[in-house]
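In what follows, a single structure is set out as C-alpha cells and then discussed.
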Amino acid sequence: MALITFKTFDNSIDAHILKIKLESEEITCFLFDENIVSVNPLYSNLVGGIKLKINEEDLERAKEIVSELEQTPYTTEDEKAITCPNCQSTHIESGYKSMKSVGAVISAIASFVFFIFPVYRKDVYKCKDCGNEFDLKRK
C-alpha cells in the first residue's frame, strides 16, 4: 500500500476533523508532522504543514467525501444556512484569519519588529464567490 499526501493543514484541529470523517467512512489515514507544527506553528511552512496521508487506492472516495463536505453549507445554531450579506451565497469559508482591523495591523507591525508570531487575528467568515469578509453578530 502506497501512502500519498491527500491534504495539508496548518493546525491539528482541522486535520483531526477530516481524519475522523475519513476514518468513519472506513478510509485508513495518518497524520504526519503534527507534533512539530503543534509545538511551534512557525515551522508549518518549513515542514510543509500537517500532512494527511491515505492509501492511494482510497483517493477517489476521499475526494468524493471532501467534495460532499465542501458543498454542505454552514448553519447557525437554529439550523439556518449562513449566507454572505453581500451576495447571499452559501459558498463561504469558516475561520478565515482576517487582518482587516487596526488591532491586526498593529499586531503585524509588532510581529515584524520583535520577530514574534502575530497574536491578534480575527476569525471571520469569507465568501468564496465575492471575497466579502463578515462576522455573525452573537445575540
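By convention here, the chains of the C-alpha cells are called A, B, ... in the order presented, each chain's residues are numbered starting at 1, and ligands are numbered starting at 1 in the order presented.
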
Backbone-only DSSP, alpha helix (DSSP H) members of chain A, as a PyMOL selection string: chain A and resi 12-24+34-39+44-47+59-71+102-114

A straight line from CA of Ile50 (chain A) to CA of Ala15 (chain A) spans 7.2 Å

Atom pair CA of Lys122 (chain A) / CA of Asp78 (chain A): separation (Å):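 That distance, rounded to one decimal, is 23.7 Å.
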
Check region 29-78 of chain A with DSSP on the backbone and list each residue it calls strand (DSSP E or B), as a ChimeraX atom specification. /A:29-32,50-55,75

Report as a tab-separated table: every residue of region 58-116 of chain A with an atom at most 12 Å from region 16-38 of chain A, its closest pair of atoms, and their distance in Å to one decimal, counting only C-alpha atoms, with rows sorted by chain and ascending residue number.
residue	atom	partner	partner_atom	distance
A:Asp58	CA	A:Ile27	CA	6.6
A:Leu59	CA	A:Ile27	CA	9.3
A:Glu60	CA	A:Ile27	CA	11.0
A:Arg61	CA	A:Ile27	CA	8.4
A:Ala62	CA	A:Leu22	CA	6.9
A:Lys63	CA	A:Leu22	CA	10.1
A:Glu64	CA	A:Leu22	CA	10.6
A:Ile65	CA	A:Leu22	CA	7.6
A:Val66	CA	A:Leu18	CA	8.3
A:Ser67	CA	A:Leu18	CA	12.0
A:Glu68	CA	A:Lys21	CA	11.5
A:Leu69	CA	A:Leu18	CA	9.6
A:Glu70	CA	A:Leu18	CA	11.5

Deliver the residues from the most recent selection as a file, using N, CA, C and O atoms, as a PDB file, in the first residue's frame.
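And here is the file that came out, selection_18.pdb:
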ATOM      1  N   ASP A  58      -7.601   4.668  -2.099  1.00  0.00           N
ATOM      2  CA  ASP A  58      -8.738   5.358  -1.468  1.00  0.00           C
ATOM      3  C   ASP A  58      -8.892   6.800  -1.947  1.00  0.00           C
ATOM      4  O   ASP A  58      -9.774   7.518  -1.475  1.00  0.00           O
ATOM      5  N   LEU A  59      -8.058   7.234  -2.888  1.00  0.00           N
ATOM      6  CA  LEU A  59      -8.035   8.639  -3.299  1.00  0.00           C
ATOM      7  C   LEU A  59      -9.371   9.131  -3.843  1.00  0.00           C
ATOM      8  O   LEU A  59      -9.867  10.179  -3.425  1.00  0.00           O
ATOM      9  N   GLU A  60      -9.971   8.399  -4.765  1.00  0.00           N
ATOM     10  CA  GLU A  60     -11.225   8.855  -5.375  1.00  0.00           C
ATOM     11  C   GLU A  60     -12.354   8.955  -4.353  1.00  0.00           C
ATOM     12  O   GLU A  60     -13.114   9.923  -4.349  1.00  0.00           O
ATOM     13  N   ARG A  61     -12.462   7.981  -3.478  1.00  0.00           N
ATOM     14  CA  ARG A  61     -13.511   8.003  -2.440  1.00  0.00           C
ATOM     15  C   ARG A  61     -13.279   9.175  -1.488  1.00  0.00           C
ATOM     16  O   ARG A  61     -14.223   9.851  -1.097  1.00  0.00           O
ATOM     17  N   ALA A  62     -12.026   9.434  -1.124  1.00  0.00           N
ATOM     18  CA  ALA A  62     -11.716  10.552  -0.231  1.00  0.00           C
ATOM     19  C   ALA A  62     -12.055  11.895  -0.886  1.00  0.00           C
ATOM     20  O   ALA A  62     -12.580  12.791  -0.235  1.00  0.00           O
ATOM     21  N   LYS A  63     -11.791  12.011  -2.179  1.00  0.00           N
ATOM     22  CA  LYS A  63     -12.143  13.236  -2.903  1.00  0.00           C
ATOM     23  C   LYS A  63     -13.653  13.454  -2.902  1.00  0.00           C
ATOM     24  O   LYS A  63     -14.129  14.581  -2.764  1.00  0.00           O
ATOM     25  N   GLU A  64     -14.410  12.367  -3.070  1.00  0.00           N
ATOM     26  CA  GLU A  64     -15.873  12.470  -3.044  1.00  0.00           C
ATOM     27  C   GLU A  64     -16.364  12.952  -1.682  1.00  0.00           C
ATOM     28  O   GLU A  64     -17.266  13.793  -1.602  1.00  0.00           O
ATOM     29  N   ILE A  65     -15.773  12.430  -0.612  1.00  0.00           N
ATOM     30  CA  ILE A  65     -16.175  12.809   0.739  1.00  0.00           C
ATOM     31  C   ILE A  65     -15.882  14.277   0.988  1.00  0.00           C
ATOM     32  O   ILE A  65     -16.718  15.027   1.509  1.00  0.00           O
ATOM     33  N   VAL A  66     -14.692  14.738   0.606  1.00  0.00           N
ATOM     34  CA  VAL A  66     -14.324  16.143   0.814  1.00  0.00           C
ATOM     35  C   VAL A  66     -15.210  17.055  -0.032  1.00  0.00           C
ATOM     36  O   VAL A  66     -15.655  18.111   0.428  1.00  0.00           O
ATOM     37  N   SER A  67     -15.498  16.650  -1.259  1.00  0.00           N
ATOM     38  CA  SER A  67     -16.381  17.439  -2.119  1.00  0.00           C
ATOM     39  C   SER A  67     -17.769  17.568  -1.501  1.00  0.00           C
ATOM     40  O   SER A  67     -18.371  18.645  -1.503  1.00  0.00           O
ATOM     41  N   GLU A  68     -18.268  16.475  -0.952  1.00  0.00           N
ATOM     42  CA  GLU A  68     -19.575  16.477  -0.281  1.00  0.00           C
ATOM     43  C   GLU A  68     -19.559  17.404   0.936  1.00  0.00           C
ATOM     44  O   GLU A  68     -20.503  18.161   1.168  1.00  0.00           O
ATOM     45  N   LEU A  69     -18.475  17.380   1.698  1.00  0.00           N
ATOM     46  CA  LEU A  69     -18.353  18.264   2.868  1.00  0.00           C
ATOM     47  C   LEU A  69     -18.306  19.731   2.455  1.00  0.00           C
ATOM     48  O   LEU A  69     -18.902  20.584   3.109  1.00  0.00           O
ATOM     49  N   GLU A  70     -17.578  20.028   1.370  1.00  0.00           N
ATOM     50  CA  GLU A  70     -17.458  21.411   0.915  1.00  0.00           C
ATOM     51  C   GLU A  70     -18.774  21.958   0.379  1.00  0.00           C
ATOM     52  O   GLU A  70     -19.005  23.164   0.405  1.00  0.00           O
TER      53      GLU A  70
END

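CA of Val124 (chain A) sits 17.5 Å away from CA of Ala108 (chain A).
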
Please provide the set of residues having any atom within 6 Å of Leu3 (chain A), restricted to only C-alpha atoms, with same-chain residues fewer than 2 positions apart removed, written as a PyMOL selection string. chain A and resi 53-56

Saved selection, atoms kept: all heavy atoms, as a PDB file, in the first residue's frame:
ATOM      1  N   LYS A  53      -2.250  11.660   5.175  1.00  0.00           N
ATOM      2  CA  LYS A  53      -1.885  10.682   4.151  1.00  0.00           C
ATOM      3  C   LYS A  53      -2.888   9.539   4.154  1.00  0.00           C
ATOM      4  O   LYS A  53      -3.348   9.105   5.200  1.00  0.00           O
ATOM      5  CB  LYS A  53      -0.474  10.155   4.391  1.00  0.00           C
ATOM      6  CG  LYS A  53       0.567  11.250   4.268  1.00  0.00           C
ATOM      7  CD  LYS A  53       1.944  10.704   4.067  1.00  0.00           C
ATOM      8  CE  LYS A  53       2.900  11.853   3.888  1.00  0.00           C
ATOM      9  NZ  LYS A  53       3.846  11.628   2.825  1.00  0.00           N
ATOM     10  N   ILE A  54      -3.219   9.102   2.942  1.00  0.00           N
ATOM     11  CA  ILE A  54      -4.161   7.995   2.760  1.00  0.00           C
ATOM     12  C   ILE A  54      -3.550   6.996   1.788  1.00  0.00           C
ATOM     13  O   ILE A  54      -2.571   7.288   1.099  1.00  0.00           O
ATOM     14  CB  ILE A  54      -5.524   8.483   2.231  1.00  0.00           C
ATOM     15  CG1 ILE A  54      -5.375   9.137   0.863  1.00  0.00           C
ATOM     16  CG2 ILE A  54      -6.194   9.416   3.224  1.00  0.00           C
ATOM     17  CD1 ILE A  54      -6.683   9.470   0.180  1.00  0.00           C
ATOM     18  N   ASN A  55      -4.161   5.814   1.712  1.00  0.00           N
ATOM     19  CA  ASN A  55      -3.741   4.821   0.721  1.00  0.00           C
ATOM     20  C   ASN A  55      -4.141   5.307  -0.666  1.00  0.00           C
ATOM     21  O   ASN A  55      -5.217   5.902  -0.847  1.00  0.00           O
ATOM     22  CB  ASN A  55      -4.389   3.465   0.997  1.00  0.00           C
ATOM     23  CG  ASN A  55      -3.883   2.846   2.270  1.00  0.00           C
ATOM     24  OD1 ASN A  55      -2.704   2.956   2.587  1.00  0.00           O
ATOM     25  ND2 ASN A  55      -4.775   2.206   3.007  1.00  0.00           N
ATOM     26  N   GLU A  56      -3.295   5.046  -1.633  1.00  0.00           N
ATOM     27  CA  GLU A  56      -3.529   5.534  -2.991  1.00  0.00           C
ATOM     28  C   GLU A  56      -4.854   5.041  -3.577  1.00  0.00           C
ATOM     29  O   GLU A  56      -5.542   5.774  -4.287  1.00  0.00           O
ATOM     30  CB  GLU A  56      -2.364   5.104  -3.883  1.00  0.00           C
ATOM     31  CG  GLU A  56      -2.277   5.851  -5.172  1.00  0.00           C
ATOM     32  CD  GLU A  56      -0.965   5.614  -5.896  1.00  0.00           C
ATOM     33  OE1 GLU A  56      -0.207   4.714  -5.490  1.00  0.00           O
ATOM     34  OE2 GLU A  56      -0.722   6.339  -6.858  1.00  0.00           O
TER      35      GLU A  56
END

I'd like the contact shell of region 125-131 of chain A - 12 Å cut-off, only C-alpha atoms, skipping same-chain residues fewer than 4 positions apart - returned as a list in words.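 What passes the distance filter is Glu70, Gln71, Pro73, Tyr74, Thr75, Ile82, Thr83, Cys84, Pro85, Asn86, Cys87, Gln88, Ser89, Thr90, His91, Ile92, Glu93, Ser94, Gly95, Tyr96, Lys97, Ser98, Asp135, Leu136 and Lys137 of chain A.
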